[in-house]
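One structure is given below, encoded as structure tokens.
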Amino acid sequence: MGIGATAGVAAVGGIAFSAQASTDSQSTSPSSSSSSSDSLVFDPDGYTKLTTTVTDTDGTDHLVTYHFWKAITYVAKPVDEKYQSLNVSVPVEIDGKAIDATDAPILFANTVGGYMPSSVTDATGVGASGAPTGPGGPGGGGAASPSPGASAPGADGNTNANGGALNTNQYLALAAGYVVVEPGARGRTLKNSDGEYYGTAPAVIVDLKAAVRYVRFNKGRIPGNVDRIISAGTSAGGAVSALLGASGDSPLYDRYLEEIGAADASDAIFATGAWCPITDLEHADGAYEWNWGTNALNTGKVVDQTVSKELQAQFAEYQASLKLKGFGGFGALTARNYDAYLVKQYLEPSATTYLAALSDADRATYLAANTFITWKNGRATFSWAGFLTHVGARKKTTPAFDAFDLSTGENNEFGKGTTANRHFTAYSLKNDTTGVTGKRLDSDIPELLRLMNPMYFLAEKANPQRTRHWWIRLGTKDSDTSHTVSANIAAAAHGLGDDVSHLYYWDQGHGANTDPGDFIKWIAKVSGHRTKAKAE
């Protein structure tokens with residue numbers, strides 16, 4: 001298996017939700033696909049009035065009344081309106097006080113998982129993929145913490161990553177007075193009646209850009225500050241969230257946007273939130289082996305070490321070519337020193353924060369069960385080798401993303417026409433086991449890779465229209481991709497002078513979001529927003 005397609009709902013910061021639709025007399029007909037297929041003008045009156053109760057991360061309940069616009073088609077020439085539509089939620093009253101969201105930040109929360117199709121058309125309110133289940137969801141009783149000596153909740157379930165991380169963000173944003181926009185997007189498995197794939201790369205990023213253009217095109221009609229759009233996504237959704245921030249207004253996408261009738265407006269965004277992004281796919285196999293090459297699979301089997309080492313050599317070459325420098329004056333990031341950098345910059349601080357929050361008794365129990373950690377003067381230290389042993393089984397075989405047998409979701413993401421799966425690296429093409437002929441990748445692959453990779457807009461040639469604010473998060477036990485992937489994005493953005501908040505959640509797996517309240521506060525900080533009461 002190659003893709004971060006599913007992710008369990010890890011600890012999400014202690015939020016519970018309940019929602020009841022109101023059939024208030026002020027409600028009007030929902031804004032549906034029929035109202036926007038021939039026009040990209042937002043209908044300010046096409047909402048339904050709803051209420052929801054949000055329990056914040058401090059355990060306080062907030063009653064939120066909001067206007068909900070459902071399933072607005074955001075392009076003039078849609079390929080599939082079920083996916084090329086968005087929902088808008090605007091708070092109008094919080095705890096009995098009228099709220100003016102005219103200039104509020106806009107949380108642009110995608111629900112993409114595994115590069116699969118994502119649709120918001122069946123949503124009955126804010127939270128396009130439904131209210132979270134498990135810890136933090138209805139009856140969840142707050143965030144789950146790992147028991148001393150045990151691992152934290154991970155990502156081995158079959159729940160969309162966005163079910164935990166992003167729905168939390170969406171509800172908290174609404175309760176903070178922000179506008180929430182939830183776009184759908186085409187995905188890799190969609191086929192027409194002729195068996196042709198129409199949701200493979202670059203459809204997902206083209207659709208999200210078109211949705212941003214729709215919002216910006218409707219400045220003054222759609223509530224919220226269209227110059228303060230903050231994207232958010234998890235796993236593949238985190239990848240396209242990062243890509244959306246890095247590639248703003250790039251002309252490389254213009255012909256694709258024109259084909260679907262995107263609005264004539266900017267697709268640049270103000271800030272990016274990306275959780276465990278599955279990206280930089282053409283280099284991800286090498287990065288994965290550099291990180292997890294010696295870890296066995298959960299079956300106990302060790303992957304082919306010849307393949308692993310060859311891929312690690314490719315990563316070393318790629319990493320050197322990036323010429324990135326680490327935070328804190330670390331210097332050049334290379335395959336030789338990246339392990340030390342990850343330990344000092346991210347892993348030890350993450351473990352220290354976790355352990356410091358435990359009671360003395362719980363900390364002693366945890367340390368007794370995890371003897372690779374030295375705890376001294378309130379600080380955790382350990383080796384890279386000790387950390388890898390602590391994580392244990394790697395999630396994916398080798399190659400993790402461009403499989404020799406074309407079996408991964410990423411192979412499908414680069415499908416074309418009636419061909420479901422294609423190779424996107426020369427190494428896997430050379431070692432193909434399916435009978436694919438040819439010594440070179442298909443001629444369109446290099447362009448598709450560029451269109452799908454945020455690093456091209458950060459490290460190769462800095463995009464002047466990129467976001468300048470980055471919130472990046474990853475669980476330390478997440479082996480869906482290499483830890484270097486998010487760290488490289490952070491280092492590249494930091495090297496350009498951007499504002500970067502990047503940290504790892506200790507003992508958390510894929511899809512974790514343990515500080516959603518901090519994310520909402522960060523949005524207010526970087527956007528300069530203060531929630532305003534509506535003038536009487």
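Identifiers in the structure tokens: chain A, B, ... in order shown; residue index from 1 per chain; ligand index from 1 in order shown.
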
| request: Skip stretch 322-325 of chain A itself and residues of its chain fewer than 3 positions away, then list as an MDAnalysis selection string all residues within 12 Å of it, counting only C-alpha atoms. | output: chainID A and resid 283 315:319 328:335 337:338 341 455:456 458:461 484 487:496

At most 12 Å is the cut-off: for each residue in stretch 335-440 of chain A with any atom that close to an atom of stretch 235-238 of chain A, write down the nearest atom pair and the distance in Å rounded to one decimal, counting only C-alpha atoms, chain first then increasing number, as a Markdown table.
```
| residue | atom | partner | partner_atom | distance |
| --- | --- | --- | --- | --- |
| A:Gly409 | CA | A:Ala236 | CA | 10.7 |
| A:Glu410 | CA | A:Ala236 | CA | 10.1 |
| A:Glu413 | CA | A:Ala236 | CA | 10.9 |
```

Take the residues from that selection and put them in a file with C-alpha atoms, as a compact mmCIF listing (two decimals), in the first residue's frame.
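See selection-v4.txt below for the written result:
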```
# COMPACT_ATOMS: atom_id res chain seq x y z
CA GLY A 409 -2.85 5.33 -4.97
CA GLU A 410 -0.13 7.64 -6.20
CA GLU A 413 -3.08 9.80 -9.18
```

| query | Per DSSP on the backbone, what are the helix (DSSP H, G or I) residues of stretch 384-525 of chain A, as a ChimeraX atom specification? | reply | /A:384-391,409-413,426-430,445-451,454-457,483-495,516-525

| Who sits within 9 Å of A:Asn291, only C-alpha atoms, same chain under 5 positions skipped, as a PyMOL selection string | chain A and resi 286+312+339+388+479+481-484

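Shell of A:Asn431 at 7 Å, with only C-alpha atoms counted and residues fewer than 3 places along the chain excluded, is A:Phe404, A:Tyr427, A:Ser428.
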
Written file, previous selection with all heavy atoms, as a PDB file, in the first residue's frame:
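File part-v6.pdb, as written:
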```pdb
ATOM      1  N   PHE A 404       6.624  -0.797  -7.972  1.00  0.00           N
ATOM      2  CA  PHE A 404       7.036  -1.517  -9.176  1.00  0.00           C
ATOM      3  C   PHE A 404       5.839  -2.161  -9.874  1.00  0.00           C
ATOM      4  O   PHE A 404       5.816  -2.297 -11.095  1.00  0.00           O
ATOM      5  CB  PHE A 404       8.056  -2.607  -8.818  1.00  0.00           C
ATOM      6  CG  PHE A 404       9.378  -2.083  -8.319  1.00  0.00           C
ATOM      7  CD1 PHE A 404      10.206  -2.900  -7.558  1.00  0.00           C
ATOM      8  CD2 PHE A 404       9.802  -0.802  -8.612  1.00  0.00           C
ATOM      9  CE1 PHE A 404      11.431  -2.445  -7.097  1.00  0.00           C
ATOM     10  CE2 PHE A 404      11.026  -0.322  -8.155  1.00  0.00           C
ATOM     11  CZ  PHE A 404      11.843  -1.148  -7.390  1.00  0.00           C
ATOM     12  N   TYR A 427      13.136   5.357 -11.861  1.00  0.00           N
ATOM     13  CA  TYR A 427      13.616   4.176 -11.149  1.00  0.00           C
ATOM     14  C   TYR A 427      12.560   3.080 -11.130  1.00  0.00           C
ATOM     15  O   TYR A 427      12.843   1.906 -11.414  1.00  0.00           O
ATOM     16  CB  TYR A 427      14.004   4.565  -9.724  1.00  0.00           C
ATOM     17  CG  TYR A 427      14.530   3.407  -8.893  1.00  0.00           C
ATOM     18  CD1 TYR A 427      15.831   2.958  -9.052  1.00  0.00           C
ATOM     19  CD2 TYR A 427      13.716   2.778  -7.948  1.00  0.00           C
ATOM     20  CE1 TYR A 427      16.324   1.900  -8.289  1.00  0.00           C
ATOM     21  CE2 TYR A 427      14.194   1.724  -7.186  1.00  0.00           C
ATOM     22  CZ  TYR A 427      15.500   1.291  -7.359  1.00  0.00           C
ATOM     23  OH  TYR A 427      15.980   0.244  -6.607  1.00  0.00           O
ATOM     24  N   SER A 428      11.327   3.427 -10.811  1.00  0.00           N
ATOM     25  CA  SER A 428      10.277   2.406 -10.757  1.00  0.00           C
ATOM     26  C   SER A 428       9.889   1.932 -12.143  1.00  0.00           C
ATOM     27  O   SER A 428       9.516   0.768 -12.332  1.00  0.00           O
ATOM     28  CB  SER A 428       9.063   2.947 -10.002  1.00  0.00           C
ATOM     29  OG  SER A 428       9.345   3.035  -8.613  1.00  0.00           O
TER      30      SER A 428
END
```

| query | Which parts of stretch 406-488 of chain A does DSSP call strand (DSSP E) when run on the backbone here, written out as an MDAnalysis selection string? | reply | chainID A and resid 469:475

Counting only C-alpha atoms, what is within 12 Å of A:Phe372, bar same-chain residues fewer than 5 positions away, as a PDB file with C-alpha atoms, in the first residue's frame?
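This went into result-v1.pdb:
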```
ATOM      1  CA  GLU A 348      13.367  15.979  21.443  1.00  0.00           C
ATOM      2  CA  ALA A 351       9.014  14.533  23.691  1.00  0.00           C
ATOM      3  CA  TYR A 366       6.474   6.321  30.725  1.00  0.00           C
ATOM      4  CA  LEU A 367      10.243   6.641  31.056  1.00  0.00           C
ATOM      5  CA  ALA A 380      14.305  14.672  26.919  1.00  0.00           C
ATOM      6  CA  THR A 381      17.266  13.455  24.876  1.00  0.00           C
ATOM      7  CA  PHE A 382      17.707  10.330  22.762  1.00  0.00           C
ATOM      8  CA  SER A 383      19.303   9.003  19.593  1.00  0.00           C
ATOM      9  CA  TRP A 384      17.826   8.680  16.121  1.00  0.00           C
ATOM     10  CA  ALA A 385      18.289   4.910  16.299  1.00  0.00           C
ATOM     11  CA  GLY A 386      16.422   4.797  19.600  1.00  0.00           C
ATOM     12  CA  PHE A 387      13.592   6.826  18.119  1.00  0.00           C
ATOM     13  CA  LEU A 388      13.260   4.508  15.102  1.00  0.00           C
ATOM     14  CA  THR A 389      13.068   1.487  17.394  1.00  0.00           C
ATOM     15  CA  HIS A 390      10.410   3.272  19.456  1.00  0.00           C
ATOM     16  CA  VAL A 391       8.239   3.916  16.388  1.00  0.00           C
TER      17      VAL A 391
END
```

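Take atom CA of A:Thr467 and atom CA of A:Ile229: the distance between them is 9.8 Å.
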
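With atom CA of A:Phe270 on one side and atom CA of A:Gly125 on the other, the separation reads 25.1 Å.
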